[in-house]
Every structure is written in C-alpha cells, then in structure tokens.
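structure-v3.cif follows; it contains mmCIF, C-alpha atoms.
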data_data
loop_
_atom_site.label_atom_id
_atom_site.label_comp_id
_atom_site.auth_asym_id
_atom_site.auth_seq_id
_atom_site.Cartn_x
_atom_site.Cartn_y
_atom_site.Cartn_z
CA MET A 1 40.47 -47.08 114.92
CA VAL A 2 40.16 -43.53 116.14
CA SER A 3 40.95 -42.85 119.77
CA THR A 4 38.24 -41.01 121.70
CA GLN A 5 40.59 -40.02 124.49
CA LYS A 6 40.66 -36.23 124.93
CA LYS A 7 43.92 -34.41 125.04
CA THR A 8 44.49 -32.26 128.10
CA ARG A 9 46.29 -28.95 128.20
CA LYS A 10 48.43 -27.82 131.02
CA PRO A 11 47.27 -24.59 132.60
CA ARG A 12 49.47 -21.59 131.91
CA SER A 13 51.55 -20.01 134.64
CA GLY A 14 50.26 -22.53 137.13
CA VAL A 15 46.73 -21.08 137.04
CA SER A 16 43.81 -23.45 136.94
CA GLY A 17 41.80 -23.61 133.73
CA ASN A 18 38.68 -22.80 135.75
CA PRO A 19 37.42 -19.41 134.41
CA ALA A 20 36.13 -18.44 137.83
CA LYS A 21 39.52 -19.01 139.42
CA ARG A 22 41.24 -17.07 136.64
CA GLY A 23 38.89 -14.17 137.30
CA VAL A 24 39.73 -14.20 140.98
CA MET A 25 43.44 -14.26 140.19
CA ARG A 26 43.13 -11.31 137.79
CA ALA A 27 41.11 -9.31 140.33
CA HIS A 28 43.68 -10.03 143.05
CA THR A 29 46.54 -8.96 140.78
CA ALA A 30 44.73 -5.77 139.78
CA HIS A 31 44.08 -5.02 143.45
CA LEU A 32 47.75 -5.37 144.26
CA GLU A 33 48.70 -3.11 141.37
CA GLN A 34 46.15 -0.55 142.48
CA ARG A 35 47.72 -0.42 145.92
CA ARG A 36 51.08 0.74 144.58
CA ALA A 37 51.35 4.53 144.71
CA THR A 38 52.87 6.10 141.61
CA PRO A 39 54.91 9.32 141.61
CA ARG A 40 51.75 11.03 140.38
CA ASP A 41 49.88 9.77 143.45
CA TRP A 42 52.56 11.15 145.76
CA ILE A 43 52.48 14.52 144.00
CA ALA A 44 48.69 14.54 144.30
CA GLY A 45 49.10 13.78 148.00
CA ALA A 46 50.94 17.08 148.40
CA ARG A 47 47.73 18.81 147.19
CA LEU A 48 49.46 21.31 144.93
CA ARG A 49 46.22 23.17 144.23
CA THR A 50 46.36 24.57 147.78
CA LEU A 51 50.00 25.68 147.68
CA PRO A 52 49.21 29.24 146.45
CA LEU A 53 47.73 29.65 149.91
CA SER A 54 51.16 29.15 151.50
CA ILE A 55 52.89 31.48 149.03
CA ALA A 56 50.40 34.34 149.49
CA PRO A 57 51.37 35.34 153.07
CA VAL A 58 55.05 35.42 152.17
CA VAL A 59 54.35 37.69 149.21
CA ALA A 60 52.12 40.04 151.22
CA GLY A 61 54.48 40.00 154.20
CA SER A 62 57.46 40.82 151.99
CA GLY A 63 55.53 43.70 150.45
CA ALA A 64 54.82 45.12 153.89
CA ALA A 65 58.51 44.75 154.80
CA MET A 66 59.59 46.66 151.68
CA LEU A 67 57.18 49.40 152.68
CA VAL A 68 59.29 49.87 155.81
CA SER A 69 62.84 49.55 154.50
CA ARG A 70 62.57 49.96 150.69
CA GLU A 71 64.77 46.87 150.50
CA PHE A 72 63.98 43.35 149.39
CA HIS A 73 65.71 40.80 151.61
CA TRP A 74 65.47 38.01 149.08
CA VAL A 75 67.40 35.35 151.04
CA ILE A 76 65.17 35.70 154.09
CA ALA A 77 62.07 35.90 151.89
CA LEU A 78 63.00 32.65 150.12
CA ALA A 79 63.65 30.97 153.46
CA CYS A 80 60.22 32.12 154.69
CA LEU A 81 58.71 30.71 151.50
CA ALA A 82 60.46 27.40 152.11
CA VAL A 83 59.09 27.23 155.65
CA ALA A 84 55.55 27.97 154.48
CA VAL A 85 55.54 25.55 151.54
CA PHE A 86 57.31 22.68 153.33
CA LEU A 87 55.08 23.07 156.35
CA GLN A 88 51.90 22.98 154.28
CA ILE A 89 53.03 19.92 152.33
CA GLY A 90 53.94 18.27 155.62
CA VAL A 91 50.49 19.09 156.99
CA ASN A 92 48.86 17.59 153.90
CA TYR A 93 50.75 14.30 154.24
CA ALA A 94 50.20 14.25 158.01
CA ASN A 95 46.45 14.67 157.43
CA ASP A 96 46.57 11.86 154.89
CA TYR A 97 48.22 9.64 157.49
CA SER A 98 46.00 10.55 160.43
CA ASP A 99 42.70 10.50 158.53
CA GLY A 100 43.75 7.28 156.84
CA ILE A 101 44.42 5.32 160.02
CA ARG A 102 41.20 6.66 161.57
CA GLY A 103 39.18 5.52 158.56
CA THR A 104 37.90 9.04 157.87
CA ASP A 105 38.93 8.87 154.20
CA ARG A 106 37.20 5.57 153.51
CA PHE A 107 34.37 7.24 151.59
CA ARG A 108 36.20 10.38 150.51
CA VAL A 109 34.65 12.41 147.67
CA GLY A 110 37.61 14.60 146.75
CA PRO A 111 41.01 13.57 145.39
CA GLY A 112 42.04 10.17 146.72
CA ARG A 113 44.35 9.87 149.70
CA LEU A 114 47.37 7.61 149.83
CA VAL A 115 46.59 5.78 153.07
CA GLY A 116 42.81 5.78 152.72
CA SER A 117 42.98 4.33 149.20
CA GLY A 118 45.54 1.72 150.23
CA LYS A 119 48.04 2.90 147.63
CA ALA A 120 50.71 3.56 150.25
CA THR A 121 51.36 2.32 153.73
CA ALA A 122 50.64 4.55 156.69
CA LYS A 123 54.29 4.31 157.74
CA SER A 124 55.60 5.57 154.40
CA VAL A 125 53.19 8.53 154.35
CA LEU A 126 54.11 9.41 157.93
CA THR A 127 57.79 9.30 157.00
CA VAL A 128 57.26 11.71 154.11
CA ALA A 129 55.28 14.06 156.37
CA LEU A 130 58.08 14.08 158.93
CA VAL A 131 60.66 14.77 156.21
CA PHE A 132 58.80 17.89 155.11
CA PHE A 133 58.37 19.01 158.71
CA ALA A 134 62.13 18.60 159.12
CA LEU A 135 62.81 20.64 155.97
CA ALA A 136 60.54 23.40 157.29
CA ALA A 137 62.40 23.30 160.61
CA ILE A 138 65.79 23.57 158.87
CA ALA A 139 64.63 26.59 156.85
CA GLY A 140 63.23 28.13 160.02
CA LEU A 141 66.50 27.56 161.84
CA ALA A 142 68.35 29.30 159.01
CA ILE A 143 66.06 32.33 159.37
CA THR A 144 66.61 32.34 163.13
CA ILE A 145 70.39 32.27 162.80
CA ARG A 146 70.38 34.94 160.10
CA THR A 147 68.09 37.32 162.01
CA GLN A 148 69.19 36.40 165.55
CA GLN A 149 65.52 36.30 166.51
CA TRP A 150 65.83 33.20 168.68
CA TRP A 151 62.22 33.27 169.80
CA PHE A 152 61.41 32.17 166.24
CA LEU A 153 62.37 28.67 167.41
CA ALA A 154 59.40 28.61 169.79
CA ILE A 155 57.04 29.89 167.07
CA GLY A 156 58.30 27.24 164.68
CA ALA A 157 57.87 24.47 167.23
CA VAL A 158 54.30 25.60 167.96
CA ALA A 159 53.55 25.72 164.23
CA ILE A 160 54.75 22.14 163.70
CA ILE A 161 52.84 20.91 166.76
CA ALA A 162 49.68 22.65 165.51
CA ALA A 163 50.21 21.12 162.07
CA TRP A 164 50.39 17.63 163.55
CA PHE A 165 47.44 17.92 165.92
CA TYR A 166 45.10 19.26 163.24
CA THR A 167 44.09 15.66 162.57
CA GLY A 168 46.67 13.79 164.65
CA GLY A 169 46.72 12.74 168.27
CA LYS A 170 43.88 11.52 170.46
CA ARG A 171 41.90 14.77 170.30
CA PRO A 172 42.65 16.51 166.99
CA TYR A 173 41.27 20.05 166.94
CA GLY A 174 40.31 19.66 163.27
CA TYR A 175 37.72 17.13 164.44
CA ASN A 176 36.25 19.61 166.91
CA ALA A 177 35.34 22.65 164.79
CA LEU A 178 38.58 24.54 165.50
CA GLY A 179 40.23 24.12 162.12
CA GLU A 180 39.27 27.59 160.89
CA VAL A 181 40.65 29.23 164.04
CA PHE A 182 44.08 27.66 163.66
CA VAL A 183 44.17 28.19 159.90
CA PHE A 184 43.47 31.89 160.42
CA ILE A 185 46.21 32.12 163.03
CA PHE A 186 48.96 30.19 161.23
CA PHE A 187 48.22 30.71 157.52
CA GLY A 188 47.21 34.31 158.09
CA LEU A 189 48.76 35.98 161.11
CA VAL A 190 51.87 33.90 161.80
CA ALA A 191 52.94 33.40 158.19
CA THR A 192 52.39 36.99 157.06
CA LEU A 193 53.59 38.81 160.16
CA GLY A 194 56.47 36.38 160.60
CA THR A 195 57.68 37.13 157.07
CA THR A 196 57.55 40.88 157.68
CA TRP A 197 59.26 40.72 161.07
CA ALA A 198 62.02 38.42 159.83
CA GLN A 199 63.01 41.03 157.23
CA VAL A 200 62.66 44.34 159.09
CA GLN A 201 61.91 43.54 162.77
CA TYR A 202 58.89 45.80 162.62
CA LEU A 203 55.17 45.31 161.95
CA PRO A 204 53.39 48.18 160.21
CA GLN A 205 49.61 48.22 160.23
CA GLU A 206 49.65 47.21 156.56
CA ALA A 207 51.19 43.89 157.58
CA TRP A 208 48.43 43.31 160.13
CA PHE A 209 45.63 44.09 157.68
CA SER A 210 47.24 41.88 155.03
CA ALA A 211 47.60 39.05 157.53
CA ILE A 212 43.91 39.28 158.42
CA ALA A 213 42.91 39.23 154.75
CA ILE A 214 45.07 36.19 153.98
CA GLY A 215 43.67 34.49 157.08
CA PHE A 216 40.12 35.04 155.85
CA LEU A 217 40.95 33.52 152.47
CA ALA A 218 42.63 30.53 154.14
CA CYS A 219 39.46 29.95 156.16
CA ALA A 220 37.42 30.14 152.95
CA VAL A 221 39.58 27.40 151.42
CA LEU A 222 39.03 25.19 154.45
CA LEU A 223 35.28 25.78 154.37
CA ALA A 224 35.12 24.73 150.72
CA ASN A 225 37.10 21.61 151.55
CA ASN A 226 34.91 20.70 154.51
CA LEU A 227 31.64 21.37 152.68
CA ARG A 228 32.76 18.96 149.99
CA ASP A 229 33.27 16.24 152.61
CA ILE A 230 30.38 17.15 154.93
CA ASP A 231 28.47 13.88 154.56
CA GLN A 232 31.56 11.70 154.87
CA ASP A 233 32.87 13.69 157.84
CA ARG A 234 29.52 13.43 159.61
CA GLU A 235 29.48 9.67 159.08
CA ALA A 236 33.08 9.34 160.31
CA GLY A 237 32.41 11.45 163.41
CA LYS A 238 34.61 14.32 162.26
CA ARG A 239 32.92 17.40 163.77
CA THR A 240 34.16 20.19 161.53
CA LEU A 241 32.57 23.63 161.74
CA THR A 242 30.69 22.81 158.55
CA VAL A 243 29.27 19.63 160.06
CA LEU A 244 28.07 21.60 163.08
CA ILE A 245 26.46 24.57 161.30
CA GLY A 246 25.32 22.93 158.07
CA LYS A 247 25.42 23.80 154.37
CA LEU A 248 23.72 27.22 154.16
CA PRO A 249 25.62 28.86 157.06
CA THR A 250 28.83 27.49 155.58
CA GLN A 251 28.02 29.08 152.22
CA ILE A 252 27.29 32.42 153.90
CA LEU A 253 30.48 32.26 155.97
CA PHE A 254 32.50 31.32 152.88
CA THR A 255 31.09 34.35 151.06
CA LEU A 256 32.11 36.67 153.90
CA PHE A 257 35.62 35.25 154.18
CA LEU A 258 36.10 35.44 150.41
CA LEU A 259 34.89 39.02 149.93
CA LEU A 260 36.12 40.80 153.07
CA PRO A 261 39.71 41.05 151.73
CA PHE A 262 38.38 43.10 148.82
CA GLY A 263 36.94 45.57 151.32
CA LEU A 264 40.50 45.94 152.60
CA SER A 265 41.63 46.46 149.00
CA VAL A 266 39.42 49.52 148.79
CA TRP A 267 40.82 50.80 152.09
CA PHE A 268 44.43 50.24 150.97
CA ALA A 269 43.70 52.01 147.67
CA VAL A 270 42.98 55.24 149.54
CA PHE A 271 46.67 55.38 150.49
CA TYR A 272 48.24 53.13 147.82
CA PRO A 273 46.46 53.59 144.46
CA VAL A 274 47.97 50.45 142.93
CA ALA A 275 45.94 48.47 145.46
CA TRP A 276 42.94 48.92 143.16
CA LEU A 277 44.55 46.27 140.96
CA SER A 278 44.07 43.70 143.73
CA LEU A 279 40.42 43.69 142.68
CA MET A 280 41.67 41.68 139.69
CA ALA A 281 41.60 38.73 142.07
CA LEU A 282 37.82 38.85 141.73
CA LEU A 283 38.34 37.13 138.37
CA SER A 284 39.02 33.93 140.32
CA ALA A 285 37.00 34.76 143.43
CA LEU A 286 33.66 35.28 141.69
CA PRO A 287 33.72 31.92 139.84
CA ALA A 288 34.58 30.28 143.16
CA LEU A 289 31.63 32.03 144.75
CA LEU A 290 29.33 30.97 141.92
CA ILE A 291 30.36 27.35 142.33
CA MET A 292 29.86 27.54 146.09
CA TRP A 293 26.24 28.62 145.66
CA THR A 294 25.26 26.54 142.62
CA TYR A 295 27.22 23.29 142.89
CA ARG A 296 25.31 20.06 142.38
CA THR A 297 27.98 17.50 143.22
CA PRO A 298 30.62 17.71 145.96
CA ARG A 299 33.39 17.23 143.41
CA GLU A 300 32.67 20.67 141.96
CA LEU A 301 33.91 22.16 145.22
CA VAL A 302 37.42 20.93 144.38
CA THR A 303 37.50 23.60 141.68
CA CYS A 304 36.03 26.12 144.12
CA LEU A 305 38.81 25.31 146.57
CA ALA A 306 41.54 25.73 143.94
CA LEU A 307 40.12 29.05 142.72
CA THR A 308 39.93 30.38 146.27
CA SER A 309 43.54 29.44 146.92
CA LEU A 310 44.56 31.16 143.67
CA THR A 311 42.57 34.24 144.73
CA ALA A 312 44.73 34.57 147.84
CA LEU A 313 47.94 34.59 145.79
CA ILE A 314 46.67 37.07 143.17
CA TRP A 315 45.42 39.40 145.90
CA ALA A 316 48.74 39.21 147.75
CA ILE A 317 50.79 39.94 144.62
CA PHE A 318 48.93 43.16 143.82
CA ILE A 319 48.88 44.31 147.43
CA ALA A 320 52.64 43.77 147.71
CA TRP A 321 53.09 45.74 144.48
CA ALA A 322 51.00 48.55 145.93
CA PHE A 323 53.17 48.67 149.05
CA PHE A 324 56.61 48.91 147.48
CA GLY A 325 55.43 50.94 144.47
CA GLY A 326 58.64 52.64 143.41
CA PRO A 327 62.23 51.41 143.08
CA ILE A 328 63.68 49.23 145.80
CA ALA A 329 67.10 47.88 146.71
CA VAL A 330 67.67 44.14 146.59
CA VAL A 331 69.81 42.87 149.45
CA GLY A 332 70.92 39.40 150.48
#

Would you mind writing the file's structure down as structure tokens?
Amino acid sequence: MVSTQKKTRKPRSGVSGNPAKRGVMRAHTAHLEQRRATPRDWIAGARLRTLPLSIAPVVAGSGAAMLVSREFHWVIALACLAVAVFLQIGVNYANDYSDGIRGTDRFRVGPGRLVGSGKATAKSVLTVALVFFALAAIAGLAITIRTQQWWFLAIGAVAIIAAWFYTGGKRPYGYNALGEVFVFIFFGLVATLGTTWAQVQYLPQEAWFSAIAIGFLACAVLLANNLRDIDQDREAGKRTLTVLIGKLPTQILFTLFLLLPFGLSVWFAVFYPVAWLSLMALLSALPALLIMWTYRTPRELVTCLALTSLTALIWAIFIAWAFFGGPIAVVG
C-alpha cells in the first residue's frame, strides 16, 4: 500500500516557503545593502569634478606672486592649496549633510548624495565634513605662523563659517539666492588674493584681475549646478538665484561668467604675450557653453559643470605662466 502522505521540507535559513514572503525578505536585504556607503560613494561625495575650481586660484595667485618677487614659495603655495582643497571638500560634505537632513536631495537629479540616498548616516557625513574643515584650519594655521600674518586667522574663521552656512543653519544663504555672491568672494577674491599675499605680502593689479576672473568661473560652475537641480530646488523651497530668475536668464548669466575671463586674457596679453595661450581654455569652455544652451536632460549639465571647473584650472595655469615668464628662484 502506497502512502499518500506528502513529505514536507523545512524552509531554508528560517525563511518561510511562501514566495511572497521570500520576495519581501530579498527586497529588505537589498535595501539594507544599498544603504551601506562604499569607498567609491565617499569619494563621489567629495565631488572631485569640482576640485579644479579650488586649485585654480592657488595657481593664479602664485603666478601673480612670482611676478612680484621672481621667487616661488613652494611650501606656502602647497599650504594654500591644502587650505583650498580641504575647505572645498569640507563644504561638499557639509552640503551633503545639510541638504540631506532638510530633504532637499530627496529627488536629486545629479550624482547621488550620501545622506539623501540613505547610504550613510547624517552623523557620519557631518563628522567627515568637520574633519576636512579641521585639516583646512591646520594648514591655514601653518601659513599664519610661517608668514606672521595673524589676521589670516580671522579670514580663515570667516571662510569656514561661510562654508557651513551655505546650506547649514536656520537661514542658509545658499537657499536665498546669495550663493553666487559668496562663491565669487571666497573662491575668487579670498583664495586668489590670499595666496598672493601669503607669499609676497603685496597685491599687484594682476592678482586682482585674476581673482575676478576665477570668481566669475566659480559662479558659472554654481549656475550650472543649480540649473540642473532647478525643479527639485523649487519643489524643496530652495530659492537659488536660478530658481528666482529662471532658465533663460541663467543661461545668459552663465555665458557672461564663462566668457568674461577670456576678455581679461586679451588684456593681459597686451603686457604678457604668453597670456594668449590662456585662450586654450576655450577648448573646454566652448563645449560647456554648447551643453548649457542645447541640453535636453538635467544630467547633461553635470558634464557642463565639470568642463567649466576644468576651464578655470586651464585658464589659471596659462595666466600664471604668462606672469612669471622667465627663470625664477624656488624657495622654501
């Protein structure tokens, strides 16, 4: 006699044999795995594509300093570079933290954020931001001690405070159409002129013009970034300049900020012929401009942003070359 009793199988790993429940379990596990930030995610959070923008003012400022003294103070220059890079990375992580806890990044179009995507906790991102701010402060303190320019401490403190309140605090100025103003001041004027002054304690007019040009390019980068996120920022209540003036005025303003530095190139070339080579930066500027006026999806503006940042560095390199021209002495 054959038994009709069915054999039962024990579910594996304690999971019910119900397919629906297994699906829920797999989805939950995948969600947990998705939340873990990888080293690649943390590197992406630093937004490396914008870092040429922090290198450019140090290069241009050092070129203006060599115009004065015919010496390259490489230790001070490297310290200035450390301040600029660490401060920008700190700003990027601080923005990730502040926008993330506000919910601004919930529907972000560009590269994913750590807090907004849930891949990292707000506390961990804040900690990383503070570490980079501290590194920038240490490098700034080293410059201050080396140069004995103690008022640099006040400038550094203001820079860190401005970096935090771009998107942090109860009334972040980045949410009230003032981002471009502060970017022009700190990425352009403060970074470039500070680099020159730290090396030679003097500011020639070439340093001022270079600072203005770098400031314009920094504003262009921010405009490209904010145009990419215009719909999401409007929905989140983030009142950037782009949200207030709209797409077409932003495109026009971007064009002006991007091309004005090349007008200064022509002016510099009257006195420093090598400055004509700074027009080589148009090789990255013109594609950025083309994308700005023809883009169909917001994601294309990520490339525009990166090209604009690269334009600033290329322009600064050739302008610095034009300034020091001949042989120089390298000093510590």

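For A:Trp208, the non-local neighbours within 9 Å, defined as residues at least 4 positions apart in the same chain or in other chains and counting only C-alpha atoms, are Leu189, Thr192, Leu193, Leu203, Pro204, Ile212 and Ala213 of chain A.
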
As an exercise, work out the distance from atom CA of A:Thr294 to atom CA of A:Leu256 in Å and give it to one decimal place.
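Separation between atom CA of A:Thr294 and atom CA of A:Leu256: 16.6 Å.
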
For the structure provided, state which residues fall under the PyMOL selection byres ((chain A and resi 136-148) around 12), and present them as a ChimeraX atom specification.
/A:73-91,129-135,149-161,163,191,194-201,332

Enclose stretch 117-136 of chain A, meaning all of its atoms listed in the file, in a box aligned along x, y and z, pad it by 3 Å on each side, and list the centre and edge lengths in Å to one decimal, as AutoDock Vina command-line options.
--center_x 52.9 --center_y 12.6 --center_z 153.4 --size_x 25.8 --size_y 27.7 --size_z 17.5

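If you look at atom CA of A:Arg234 and atom CA of A:Asn176, they are 11.7 Å away from each other.
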
Your completed stretch 255-273 of chain A with N, CA, C and O atoms, as a CSV table (one decimal), in the coordinates of the input:
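Result saved to out-v3.csv:
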chain,number,residue,atom,x,y,z
A,255,THR,N,31.3,33.1,151.8
A,255,THR,CA,31.1,34.4,151.1
A,255,THR,C,31.7,35.5,151.8
A,255,THR,O,32.4,36.4,151.2
A,256,LEU,N,31.5,35.6,153.1
A,256,LEU,CA,32.1,36.7,153.9
A,256,LEU,C,33.6,36.6,153.9
A,256,LEU,O,34.3,37.6,153.7
A,257,PHE,N,34.2,35.4,154.1
A,257,PHE,CA,35.6,35.2,154.2
A,257,PHE,C,36.2,35.6,152.8
A,257,PHE,O,37.4,36.1,152.8
A,258,LEU,N,35.6,35.2,151.7
A,258,LEU,CA,36.1,35.4,150.4
A,258,LEU,C,36.1,36.9,150.0
A,258,LEU,O,37.0,37.4,149.3
A,259,LEU,N,35.1,37.6,150.4
A,259,LEU,CA,34.9,39.0,149.9
A,259,LEU,C,35.5,40.1,150.9
A,259,LEU,O,35.8,41.2,150.4
A,260,LEU,N,35.6,39.8,152.1
A,260,LEU,CA,36.1,40.8,153.1
A,260,LEU,C,37.5,41.3,152.7
A,260,LEU,O,37.7,42.5,152.8
A,261,PRO,N,38.4,40.5,152.2
A,261,PRO,CA,39.7,41.0,151.7
A,261,PRO,C,39.6,42.1,150.7
A,261,PRO,O,40.4,43.0,150.6
A,262,PHE,N,38.5,42.1,149.9
A,262,PHE,CA,38.4,43.1,148.8
A,262,PHE,C,37.9,44.4,149.4
A,262,PHE,O,38.1,45.5,148.9
A,263,GLY,N,37.2,44.3,150.6
A,263,GLY,CA,36.9,45.6,151.3
A,263,GLY,C,38.2,46.2,151.8
A,263,GLY,O,38.4,47.4,151.7
A,264,LEU,N,39.2,45.4,152.2
A,264,LEU,CA,40.5,45.9,152.6
A,264,LEU,C,41.2,46.5,151.4
A,264,LEU,O,42.0,47.4,151.5
A,265,SER,N,41.0,45.9,150.2
A,265,SER,CA,41.6,46.5,149.0
A,265,SER,C,41.2,47.9,148.8
A,265,SER,O,42.0,48.8,148.4
A,266,VAL,N,39.9,48.2,149.0
A,266,VAL,CA,39.4,49.5,148.8
A,266,VAL,C,40.1,50.5,149.8
A,266,VAL,O,40.4,51.6,149.5
A,267,TRP,N,40.2,50.0,151.1
A,267,TRP,CA,40.8,50.8,152.1
A,267,TRP,C,42.3,51.1,151.8
A,267,TRP,O,42.8,52.2,151.9
A,268,PHE,N,43.0,50.0,151.3
A,268,PHE,CA,44.4,50.2,151.0
A,268,PHE,C,44.6,51.2,149.8
A,268,PHE,O,45.5,52.0,149.8
A,269,ALA,N,43.6,51.2,148.9
A,269,ALA,CA,43.7,52.0,147.7
A,269,ALA,C,43.6,53.5,148.0
A,269,ALA,O,44.1,54.3,147.2
A,270,VAL,N,43.0,53.8,149.1
A,270,VAL,CA,43.0,55.2,149.5
A,270,VAL,C,44.4,55.8,149.7
A,270,VAL,O,44.7,57.0,149.4
A,271,PHE,N,45.3,55.0,150.2
A,271,PHE,CA,46.7,55.4,150.5
A,271,PHE,C,47.7,54.9,149.4
A,271,PHE,O,48.7,55.5,149.2
A,272,TYR,N,47.4,53.7,148.8
A,272,TYR,CA,48.2,53.1,147.8
A,272,TYR,C,47.4,52.8,146.6
A,272,TYR,O,46.8,51.7,146.5
A,273,PRO,N,47.4,53.7,145.6
A,273,PRO,CA,46.5,53.6,144.5
A,273,PRO,C,46.6,52.3,143.7
A,273,PRO,O,45.6,51.8,143.2
